[in-house]
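*Asks:* One file: final_39.txt (compact mmCIF, C-alpha atoms).
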```
# COMPACT_ATOMS: atom_id res chain seq x y z
CA MET E 1 23.13 116.96 35.72
CA CYS E 2 19.81 118.73 35.76
CA GLN E 3 20.04 122.50 35.39
CA ARG E 4 17.35 125.07 35.91
CA HIS E 5 17.16 127.73 33.26
CA ILE E 6 14.38 130.17 32.58
CA ASP E 7 14.48 129.60 28.82
CA ILE E 8 14.81 125.85 28.85
CA PRO E 9 11.44 124.14 28.71
CA TYR E 10 12.12 121.25 31.01
CA SER E 11 12.46 121.17 34.74
CA CYS E 12 14.21 119.12 37.36
CA SER E 13 10.93 117.76 38.67
CA GLY E 14 10.67 115.39 35.74
CA LYS E 15 7.55 117.16 34.49
CA ILE E 16 7.99 118.56 31.02
CA ARG E 17 6.41 121.89 30.34
CA PRO E 18 4.47 121.75 27.07
CA ALA E 19 5.43 123.75 24.01
CA ARG E 20 2.27 125.82 24.28
CA GLY E 21 4.00 128.03 26.80
CA TYR E 22 6.38 129.05 24.06
CA ARG E 23 3.61 130.19 21.78
CA GLN E 24 2.67 132.79 24.34
CA VAL E 25 6.13 134.27 24.69
CA ILE E 26 7.43 134.11 21.14
CA GLN E 27 6.46 137.11 19.08
CA PRO E 28 5.18 136.47 15.58
CA MET E 29 7.74 137.41 12.96
CA SER E 30 5.94 138.27 9.77
CA GLU E 31 8.36 141.10 9.00
CA PRO E 32 11.41 139.97 7.05
CA LEU E 33 14.92 139.88 8.41
CA ASN E 34 16.90 142.37 6.34
CA LEU E 35 20.67 142.37 6.15
CA VAL E 36 23.17 144.44 4.25
CA LEU E 37 26.45 142.56 4.04
CA PHE E 38 29.54 144.44 2.95
CA SER E 39 32.39 142.66 4.73
CA GLY E 40 34.12 139.82 2.96
CA THR E 41 35.89 138.22 5.88
CA ALA E 42 34.93 134.70 6.87
CA ASP E 43 34.09 135.59 10.47
CA LYS E 44 31.45 138.14 9.48
CA LEU E 45 30.02 136.02 6.69
CA HIS E 46 29.88 133.09 9.08
CA ALA E 47 27.96 135.11 11.69
CA ALA E 48 25.57 136.44 9.04
CA ALA E 49 25.01 132.95 7.61
CA THR E 50 24.11 131.62 11.07
CA LEU E 51 21.53 134.36 11.57
CA VAL E 52 20.07 133.85 8.10
CA ALA E 53 19.85 130.08 8.53
CA GLY E 54 18.12 130.50 11.88
CA ALA E 55 15.58 132.90 10.40
CA ALA E 56 14.94 130.54 7.48
CA ALA E 57 14.30 127.67 9.88
CA MET E 58 11.93 129.89 11.88
CA GLU E 59 10.04 130.64 8.66
CA GLN E 60 10.93 134.32 8.69
CA PRO E 61 11.64 135.66 5.20
CA VAL E 62 15.14 137.07 4.67
CA ASN E 63 16.36 139.81 2.32
CA ILE E 64 20.08 140.20 1.83
CA LEU E 65 21.86 142.93 -0.11
CA LEU E 66 25.48 142.18 -0.97
CA GLN E 67 27.81 145.10 -1.33
CA TYR E 68 31.55 145.59 -1.73
CA TRP E 69 33.69 142.81 -0.25
CA ALA E 70 30.75 140.63 0.70
CA LEU E 71 29.74 140.74 -2.96
CA ASP E 72 33.28 139.83 -3.95
CA ALA E 73 33.13 136.84 -1.59
CA PHE E 74 30.05 135.54 -3.44
CA ARG E 75 31.91 135.25 -6.75
CA THR E 76 31.90 131.62 -7.92
CA ALA E 77 35.67 131.66 -8.03
CA ARG E 78 35.87 132.64 -4.37
CA ALA E 79 32.71 131.22 -2.83
CA ASP E 80 34.28 128.14 -1.27
CA ASP E 81 37.62 129.78 -0.49
CA MET E 82 38.83 129.99 3.06
CA LEU E 83 38.58 133.76 3.24
CA GLY E 84 40.59 135.92 5.58
CA LEU E 85 39.48 137.08 8.97
CA ALA E 86 38.91 140.54 10.40
CA TRP E 87 41.75 141.93 12.49
CA ASP E 88 39.95 141.12 15.74
CA ALA E 89 39.57 137.45 14.78
CA ILE E 90 43.07 136.55 13.73
CA SER E 91 44.55 135.11 16.90
CA GLU E 92 44.60 131.33 17.25
CA GLY E 93 41.95 131.26 19.97
CA THR E 94 39.44 133.65 18.49
CA SER E 95 39.54 132.14 14.98
CA ARG E 96 38.31 128.79 16.28
CA PRO E 97 34.58 129.55 15.83
CA VAL E 98 35.24 130.07 12.13
CA HIS E 99 37.84 127.37 11.52
CA GLY E 100 36.79 124.86 14.16
CA SER E 101 35.76 121.36 13.06
CA LYS E 102 32.17 121.78 14.25
CA ALA E 103 31.52 124.91 12.23
CA ILE E 104 29.64 124.55 8.94
CA PRO E 105 31.41 126.59 6.22
CA TRP E 106 29.66 129.92 5.76
CA MET E 107 28.66 129.35 2.13
CA GLU E 108 27.25 125.93 2.97
CA THR E 109 25.18 127.55 5.73
CA PHE E 110 23.78 130.11 3.26
CA ARG E 111 22.94 127.27 0.85
CA MET E 112 21.13 125.33 3.57
CA ALA E 113 19.23 128.46 4.60
CA LYS E 114 18.11 128.99 1.04
CA GLU E 115 17.02 125.38 0.76
CA LEU E 116 14.98 125.57 3.97
CA GLY E 117 13.32 128.95 3.75
CA GLU E 118 12.52 132.10 1.87
CA VAL E 119 15.89 133.76 1.42
CA GLN E 120 16.47 136.40 -1.25
CA ILE E 121 20.04 137.39 -2.04
CA LEU E 122 20.53 140.52 -4.12
CA ALA E 123 23.72 141.86 -5.65
CA CYS E 124 24.07 145.63 -5.43
CA THR E 125 24.49 146.94 -8.97
CA GLY E 126 26.57 149.87 -7.74
CA SER E 127 29.05 147.53 -6.06
CA LEU E 128 29.20 145.28 -9.12
CA ASP E 129 30.23 148.36 -11.07
CA VAL E 130 32.76 149.63 -8.51
CA LEU E 131 34.44 146.22 -8.21
CA GLY E 132 34.24 145.46 -11.94
CA ILE E 133 32.36 142.20 -11.32
CA ASP E 134 30.04 140.79 -13.98
CA ARG E 135 26.74 139.25 -12.80
CA SER E 136 27.76 135.97 -14.46
CA GLU E 137 30.74 135.69 -12.11
CA LEU E 138 28.50 135.37 -9.04
CA ASP E 139 27.57 132.11 -7.36
CA PRO E 140 24.10 130.83 -8.41
CA ILE E 141 22.94 131.35 -4.82
CA VAL E 142 22.64 135.07 -5.69
CA ASP E 143 19.12 135.61 -7.03
CA SER E 144 19.55 138.78 -9.03
CA GLU E 145 21.20 142.14 -9.28
CA ALA E 146 19.24 145.02 -7.85
CA GLY E 147 19.39 148.68 -7.00
CA ILE E 148 18.88 149.98 -3.49
CA ALA E 149 15.17 150.79 -4.00
CA VAL E 150 14.37 147.17 -4.85
CA PHE E 151 16.04 146.03 -1.63
CA LEU E 152 14.35 148.72 0.47
CA ALA E 153 10.95 147.90 -1.02
CA ALA E 154 11.46 144.23 -0.12
CA ALA E 155 12.67 145.21 3.36
CA GLY E 156 9.33 146.82 4.20
CA GLU E 157 9.13 148.40 7.63
CA GLY E 158 11.80 146.19 9.19
CA GLY E 159 15.17 147.48 10.35
CA ILE E 160 18.28 147.00 8.25
CA PRO E 161 21.40 145.93 10.15
CA PHE E 162 24.81 146.26 8.50
CA SER E 163 27.60 143.72 8.82
CA MET Z 164 0.22 117.66 27.05
CA THR Z 165 2.63 117.16 29.89
CA ALA Z 166 4.88 114.14 29.80
CA THR Z 167 7.16 112.80 32.47
CA LEU Z 168 10.77 112.01 31.73
CA GLU Z 169 9.92 108.31 31.93
CA GLU Z 170 7.13 108.72 29.38
CA LEU Z 171 9.39 110.68 27.07
CA SER Z 172 12.16 108.09 27.36
CA ALA Z 173 9.73 105.37 26.36
CA MET Z 174 8.53 107.16 23.21
CA THR Z 175 9.43 105.85 19.78
CA ALA Z 176 10.19 108.53 17.21
CA ALA Z 177 9.34 108.14 13.53
CA LYS Z 178 12.78 109.57 12.79
CA ILE Z 179 15.97 110.10 14.73
CA VAL Z 180 18.14 113.00 13.64
CA ASP Z 181 21.68 112.47 14.84
CA ALA Z 182 23.18 115.97 14.91
CA ARG Z 183 25.76 115.17 17.58
CA GLY Z 184 29.02 116.99 17.01
CA SER Z 185 27.33 119.73 15.01
CA ALA Z 186 27.32 123.29 16.38
CA CYS Z 187 24.50 125.83 16.19
CA PRO Z 188 22.72 126.28 13.79
CA GLY Z 189 23.45 122.75 12.51
CA PRO Z 190 21.03 120.78 14.74
CA LEU Z 191 18.21 123.27 14.13
CA LEU Z 192 18.69 123.08 10.37
CA GLU Z 193 18.78 119.29 10.50
CA ALA Z 194 15.56 119.30 12.54
CA LYS Z 195 13.84 121.62 10.09
CA LYS Z 196 14.96 119.50 7.13
CA SER Z 197 13.86 116.23 8.76
CA MET Z 198 10.47 117.54 9.83
CA GLY Z 199 9.48 117.68 6.18
CA THR Z 200 10.16 113.96 5.78
CA VAL Z 201 7.72 112.68 8.43
CA ALA Z 202 3.92 112.73 8.49
CA ILE Z 203 1.90 115.24 10.52
CA GLY Z 204 1.41 113.73 13.96
CA ASP Z 205 4.74 111.87 13.85
CA THR Z 206 7.49 112.51 16.35
CA ILE Z 207 11.10 113.32 15.52
CA GLU Z 208 13.94 113.03 17.97
CA ILE Z 209 16.99 115.26 17.59
CA TRP Z 210 20.23 114.14 19.18
CA SER Z 211 22.56 117.03 19.92
CA THR Z 212 25.70 117.76 21.89
CA ASP Z 213 25.15 121.52 21.48
CA PRO Z 214 23.80 122.81 24.82
CA GLY Z 215 21.67 125.43 23.05
CA THR Z 216 19.70 122.94 20.96
CA LYS Z 217 17.04 122.07 23.55
CA SER Z 218 15.95 125.66 24.03
CA ASP Z 219 16.41 126.41 20.30
CA ILE Z 220 14.15 123.55 19.28
CA GLY Z 221 11.59 124.67 21.88
CA ALA Z 222 11.57 128.21 20.49
CA TRP Z 223 11.47 126.97 16.90
CA SER Z 224 8.56 124.61 17.62
CA GLY Z 225 6.59 127.39 19.29
CA LYS Z 226 7.22 129.76 16.41
CA VAL Z 227 6.39 127.48 13.50
CA GLY Z 228 3.61 125.49 15.20
CA HIS Z 229 5.04 122.10 16.09
CA GLU Z 230 4.60 120.50 19.50
CA PHE Z 231 7.69 120.47 21.64
CA LEU Z 232 7.54 117.46 23.94
CA GLY Z 233 10.71 117.87 25.98
CA VAL Z 234 14.24 116.70 26.48
CA VAL Z 235 15.68 113.42 27.64
CA PRO Z 236 19.26 113.83 28.84
CA GLY Z 237 21.41 111.17 27.14
CA ASP Z 238 24.98 110.10 27.75
CA GLY Z 239 26.79 113.32 26.81
CA TYR Z 240 24.03 114.57 24.56
CA ASP Z 241 20.37 115.61 24.63
CA ARG Z 242 17.46 113.80 23.01
CA VAL Z 243 14.95 116.47 22.00
CA LEU Z 244 11.45 115.31 21.02
CA VAL Z 245 9.03 117.21 18.81
CA ILE Z 246 5.72 116.26 17.16
CA ARG Z 247 5.08 117.57 13.65
CA ARG Z 248 1.83 119.54 13.82
CA LYS Z 249 1.60 121.22 10.41
```
Represent the structure of the file as structure tokens.
*Replies:*
Amino acid sequence: MCQRHIDIPYSCSGKIRPARGYRQVIQPMSEPLNLVLFSGTADKLHAAATLVAGAAAMEQPVNILLQYWALDAFRTARADDMLGLAWDAISEGTSRPVHGSKAIPWMETFRMAKELGEVQILACTGSLDVLGIDRSELDPIVDSEAGIAVFLAAAGEGGIPFS
Amino acid sequence: MTATLEELSAMTAAKIVDARGSACPGPLLEAKKSMGTVAIGDTIEIWSTDPGTKSDIGAWSGKVGHEFLGVVPGDGYDRVLVIRRK
């Protein structure tokens, strides 16, 4: 069935609108995508990984600062674990996006993002200290440990969403 | 360039990326990965059952500078065609 949709670049007439139209409406994204992750539940890591992978594919640089339970989730010992879910994602129906067969595991999505684009993952030194985690315990996907100023300097003028 | 559905259907891609069964962002990531394996000027065709893929690939092509050709509706999936331009 042919559907009309304002964002979909093909029409029911059989004529295909060229991609050039997109160049006019898509804003250039030279500023990095900055994310502070502090939740260690699979639903939030999964959502963050999707966003990061999309940005990497779109050639937008990404800076991630891992704090608290997100940092804990990036320990080698835990990285491929099926982590728990936030309270609002624990019912059978709502956990499907995270546990469904089509979903790529969150860590795998982060790895693909890193492979495809410019993705920097920093471990907050303060959180390492609070949680008693040694840098060597972290998955190799984490680039380095860093203080907040290093992350903010990399973030530039872009906003910094928390998740 | 504006192609008709018939013209698009008749095109031969240098590479077919079968991402059917994969949810967002899977097909986009597969497309990005595969684009690096074909020559500039070659066409790739992404097969996807995710309804968001056709508009996603259009937006991605526009952003990174590839040429989005269009979509051929398949049997339960979309065939999305893009020319590598950089």
*Asks:* Can you check which residues of chain Z have any atom within 6 Å of chain E? Use only C-alpha atoms and format it as JSON, numbers by chain.
*Replies:* {"Z": [164, 165, 166, 167, 168, 185, 186, 218, 223, 225, 230, 231, 233]}
*Asks:* Which residues come within 8 Å of Arg242 in chain Z, counting only C-alpha atoms, excluding same-chain residues fewer than 2 positions away, as JSON, numbers by chain?
*Replies:* {"Z": [208, 209, 210, 211, 234, 235, 236, 237, 240, 244]}
*Asks:* Report the distance between CA of Lys114 in chain E and CA of Lys249 in chain Z in Å, rounded to one decimal place.
*Replies:*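 Pair CA of Lys114 in chain E / CA of Lys249 in chain Z returns 20.5 Å.
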*Asks:* Please determine, counting only C-alpha atoms, which residue among Z:Ala202, Z:Leu191, Z:Ala173, Z:Ile220 has the shortest atom-to-atom distance to Val243 in chain Z.
*Replies:* Z:Ile220
*Asks:* Using Å and a single decimal, report how far CA of Leu71 in chain E sits from CA of Leu37 in chain E.
*Replies:*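 About the pair CA of Leu37 in chain E and CA of Leu71 in chain E: they are 7.9 Å apart.
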*Asks:* Any idea what the distance is between CA of Ala194 in chain Z and CA of Pro32 in chain E?
*Replies:* 21.8 Å
*Asks:* Just the residues within 6 Å of Ile207 in chain Z, please, counting only C-alpha atoms, with nothing from its chain fewer than 4 positions along; format it as a PDB file with C-alpha atoms, in the coordinates of the input.
*Replies:*
```pdb
ATOM      1  CA  ALA Z 176      10.190 108.530  17.210  1.00  0.00           C
ATOM      2  CA  ALA Z 177       9.340 108.140  13.530  1.00  0.00           C
ATOM      3  CA  LYS Z 178      12.780 109.570  12.790  1.00  0.00           C
ATOM      4  CA  ILE Z 179      15.970 110.100  14.730  1.00  0.00           C
ATOM      5  CA  LEU Z 244      11.450 115.310  21.020  1.00  0.00           C
ATOM      6  CA  VAL Z 245       9.030 117.210  18.810  1.00  0.00           C
TER       7      VAL Z 245
END
```
*Asks:* Would you mind exporting range 204-240 of chain Z with N, CA and C atoms, as a PDB file, in the first residue's frame?
*Replies:*
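Full text of out20.pdb as output:
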```pdb
ATOM      1  N   GLY Z 204      30.026   6.182  -6.736  1.00  0.00           N
ATOM      2  CA  GLY Z 204      29.244   6.064  -7.977  1.00  0.00           C
ATOM      3  C   GLY Z 204      28.430   4.781  -8.029  1.00  0.00           C
ATOM      4  N   ASP Z 205      28.791   3.815  -7.164  1.00  0.00           N
ATOM      5  CA  ASP Z 205      28.029   2.562  -7.107  1.00  0.00           C
ATOM      6  C   ASP Z 205      26.755   2.734  -6.282  1.00  0.00           C
ATOM      7  N   THR Z 206      25.811   1.858  -6.556  1.00  0.00           N
ATOM      8  CA  THR Z 206      24.538   1.894  -5.843  1.00  0.00           C
ATOM      9  C   THR Z 206      24.467   0.748  -4.838  1.00  0.00           C
ATOM     10  N   ILE Z 207      23.954   1.042  -3.636  1.00  0.00           N
ATOM     11  CA  ILE Z 207      23.638  -0.043  -2.708  1.00  0.00           C
ATOM     12  C   ILE Z 207      22.121  -0.067  -2.504  1.00  0.00           C
ATOM     13  N   GLU Z 208      21.658  -1.256  -2.202  1.00  0.00           N
ATOM     14  CA  GLU Z 208      20.222  -1.455  -2.011  1.00  0.00           C
ATOM     15  C   GLU Z 208      20.035  -2.077  -0.640  1.00  0.00           C
ATOM     16  N   ILE Z 209      19.279  -1.399   0.218  1.00  0.00           N
ATOM     17  CA  ILE Z 209      19.065  -1.884   1.584  1.00  0.00           C
ATOM     18  C   ILE Z 209      17.670  -2.487   1.657  1.00  0.00           C
ATOM     19  N   TRP Z 210      17.595  -3.724   2.087  1.00  0.00           N
ATOM     20  CA  TRP Z 210      16.304  -4.370   2.277  1.00  0.00           C
ATOM     21  C   TRP Z 210      15.953  -4.281   3.757  1.00  0.00           C
ATOM     22  N   SER Z 211      14.775  -3.745   4.048  1.00  0.00           N
ATOM     23  CA  SER Z 211      14.404  -3.578   5.455  1.00  0.00           C
ATOM     24  C   SER Z 211      12.912  -3.787   5.684  1.00  0.00           C
ATOM     25  N   THR Z 212      12.607  -4.414   6.803  1.00  0.00           N
ATOM     26  CA  THR Z 212      11.215  -4.562   7.220  1.00  0.00           C
ATOM     27  C   THR Z 212      10.832  -3.474   8.229  1.00  0.00           C
ATOM     28  N   ASP Z 213      11.811  -2.678   8.646  1.00  0.00           N
ATOM     29  CA  ASP Z 213      11.537  -1.584   9.594  1.00  0.00           C
ATOM     30  C   ASP Z 213      10.915  -0.421   8.816  1.00  0.00           C
ATOM     31  N   PRO Z 214       9.710   0.012   9.190  1.00  0.00           N
ATOM     32  CA  PRO Z 214       9.043   1.059   8.404  1.00  0.00           C
ATOM     33  C   PRO Z 214       9.760   2.402   8.435  1.00  0.00           C
ATOM     34  N   GLY Z 215      10.654   2.598   9.411  1.00  0.00           N
ATOM     35  CA  GLY Z 215      11.371   3.874   9.497  1.00  0.00           C
ATOM     36  C   GLY Z 215      12.587   3.949   8.597  1.00  0.00           C
ATOM     37  N   THR Z 216      13.002   2.824   8.053  1.00  0.00           N
ATOM     38  CA  THR Z 216      14.281   2.800   7.319  1.00  0.00           C
ATOM     39  C   THR Z 216      14.273   3.709   6.104  1.00  0.00           C
ATOM     40  N   LYS Z 217      13.174   3.737   5.336  1.00  0.00           N
ATOM     41  CA  LYS Z 217      13.191   4.526   4.094  1.00  0.00           C
ATOM     42  C   LYS Z 217      13.413   6.016   4.362  1.00  0.00           C
ATOM     43  N   SER Z 218      12.763   6.537   5.392  1.00  0.00           N
ATOM     44  CA  SER Z 218      12.976   7.951   5.690  1.00  0.00           C
ATOM     45  C   SER Z 218      14.324   8.167   6.388  1.00  0.00           C
ATOM     46  N   ASP Z 219      14.750   7.168   7.181  1.00  0.00           N
ATOM     47  CA  ASP Z 219      16.055   7.255   7.851  1.00  0.00           C
ATOM     48  C   ASP Z 219      17.192   7.303   6.834  1.00  0.00           C
ATOM     49  N   ILE Z 220      17.110   6.430   5.846  1.00  0.00           N
ATOM     50  CA  ILE Z 220      18.175   6.371   4.845  1.00  0.00           C
ATOM     51  C   ILE Z 220      18.173   7.648   4.007  1.00  0.00           C
ATOM     52  N   GLY Z 221      16.975   8.201   3.760  1.00  0.00           N
ATOM     53  CA  GLY Z 221      16.882   9.478   3.045  1.00  0.00           C
ATOM     54  C   GLY Z 221      17.558  10.594   3.819  1.00  0.00           C
ATOM     55  N   ALA Z 222      17.286  10.661   5.115  1.00  0.00           N
ATOM     56  CA  ALA Z 222      17.871  11.707   5.965  1.00  0.00           C
ATOM     57  C   ALA Z 222      19.382  11.530   6.083  1.00  0.00           C
ATOM     58  N   TRP Z 223      19.784  10.278   6.242  1.00  0.00           N
ATOM     59  CA  TRP Z 223      21.226   9.974   6.360  1.00  0.00           C
ATOM     60  C   TRP Z 223      21.958  10.357   5.076  1.00  0.00           C
ATOM     61  N   SER Z 224      21.396   9.994   3.933  1.00  0.00           N
ATOM     62  CA  SER Z 224      22.027  10.302   2.647  1.00  0.00           C
ATOM     63  C   SER Z 224      22.192  11.808   2.483  1.00  0.00           C
ATOM     64  N   GLY Z 225      21.130  12.544   2.812  1.00  0.00           N
ATOM     65  CA  GLY Z 225      21.186  13.998   2.696  1.00  0.00           C
ATOM     66  C   GLY Z 225      22.237  14.598   3.598  1.00  0.00           C
ATOM     67  N   LYS Z 226      22.358  14.048   4.801  1.00  0.00           N
ATOM     68  CA  LYS Z 226      23.322  14.590   5.764  1.00  0.00           C
ATOM     69  C   LYS Z 226      24.763  14.311   5.358  1.00  0.00           C
ATOM     70  N   VAL Z 227      25.048  13.075   4.975  1.00  0.00           N
ATOM     71  CA  VAL Z 227      26.453  12.735   4.745  1.00  0.00           C
ATOM     72  C   VAL Z 227      26.883  12.910   3.285  1.00  0.00           C
ATOM     73  N   GLY Z 228      25.916  13.176   2.383  1.00  0.00           N
ATOM     74  CA  GLY Z 228      26.299  13.499   1.014  1.00  0.00           C
ATOM     75  C   GLY Z 228      26.209  12.368   0.007  1.00  0.00           C
ATOM     76  N   HIS Z 229      25.388  11.366   0.275  1.00  0.00           N
ATOM     77  CA  HIS Z 229      25.130  10.346  -0.734  1.00  0.00           C
ATOM     78  C   HIS Z 229      23.844  10.713  -1.474  1.00  0.00           C
ATOM     79  N   GLU Z 230      23.571   9.994  -2.564  1.00  0.00           N
ATOM     80  CA  GLU Z 230      22.386  10.328  -3.354  1.00  0.00           C
ATOM     81  C   GLU Z 230      21.293   9.290  -3.131  1.00  0.00           C
ATOM     82  N   PHE Z 231      20.254   9.739  -2.477  1.00  0.00           N
ATOM     83  CA  PHE Z 231      19.112   8.870  -2.206  1.00  0.00           C
ATOM     84  C   PHE Z 231      18.280   8.761  -3.476  1.00  0.00           C
ATOM     85  N   LEU Z 232      18.080   7.541  -3.937  1.00  0.00           N
ATOM     86  CA  LEU Z 232      17.339   7.369  -5.196  1.00  0.00           C
ATOM     87  C   LEU Z 232      15.851   7.165  -4.964  1.00  0.00           C
ATOM     88  N   GLY Z 233      15.510   6.393  -3.932  1.00  0.00           N
ATOM     89  CA  GLY Z 233      14.102   6.145  -3.664  1.00  0.00           C
ATOM     90  C   GLY Z 233      13.868   4.759  -3.110  1.00  0.00           C
ATOM     91  N   VAL Z 234      12.605   4.398  -3.072  1.00  0.00           N
ATOM     92  CA  VAL Z 234      12.194   3.166  -2.412  1.00  0.00           C
ATOM     93  C   VAL Z 234      11.325   2.353  -3.360  1.00  0.00           C
ATOM     94  N   VAL Z 235      11.619   1.074  -3.431  1.00  0.00           N
ATOM     95  CA  VAL Z 235      10.765   0.158  -4.178  1.00  0.00           C
ATOM     96  C   VAL Z 235      10.086  -0.742  -3.152  1.00  0.00           C
ATOM     97  N   PRO Z 236       8.758  -0.656  -3.032  1.00  0.00           N
ATOM     98  CA  PRO Z 236       8.089  -1.535  -2.072  1.00  0.00           C
ATOM     99  C   PRO Z 236       8.223  -2.990  -2.521  1.00  0.00           C
ATOM    100  N   GLY Z 237       8.738  -3.845  -1.614  1.00  0.00           N
ATOM    101  CA  GLY Z 237       8.873  -5.266  -1.921  1.00  0.00           C
ATOM    102  C   GLY Z 237       7.741  -6.041  -1.262  1.00  0.00           C
ATOM    103  N   ASP Z 238       7.876  -7.339  -1.223  1.00  0.00           N
ATOM    104  CA  ASP Z 238       6.848  -8.177  -0.619  1.00  0.00           C
ATOM    105  C   ASP Z 238       7.071  -8.244   0.895  1.00  0.00           C
ATOM    106  N   GLY Z 239       6.488  -7.280   1.613  1.00  0.00           N
ATOM    107  CA  GLY Z 239       6.652  -7.244   3.068  1.00  0.00           C
ATOM    108  C   GLY Z 239       7.897  -6.515   3.540  1.00  0.00           C
ATOM    109  N   TYR Z 240       8.594  -5.911   2.611  1.00  0.00           N
ATOM    110  CA  TYR Z 240       9.782  -5.132   3.007  1.00  0.00           C
ATOM    111  C   TYR Z 240      10.023  -4.030   1.971  1.00  0.00           C
TER     112      TYR Z 240
END
```
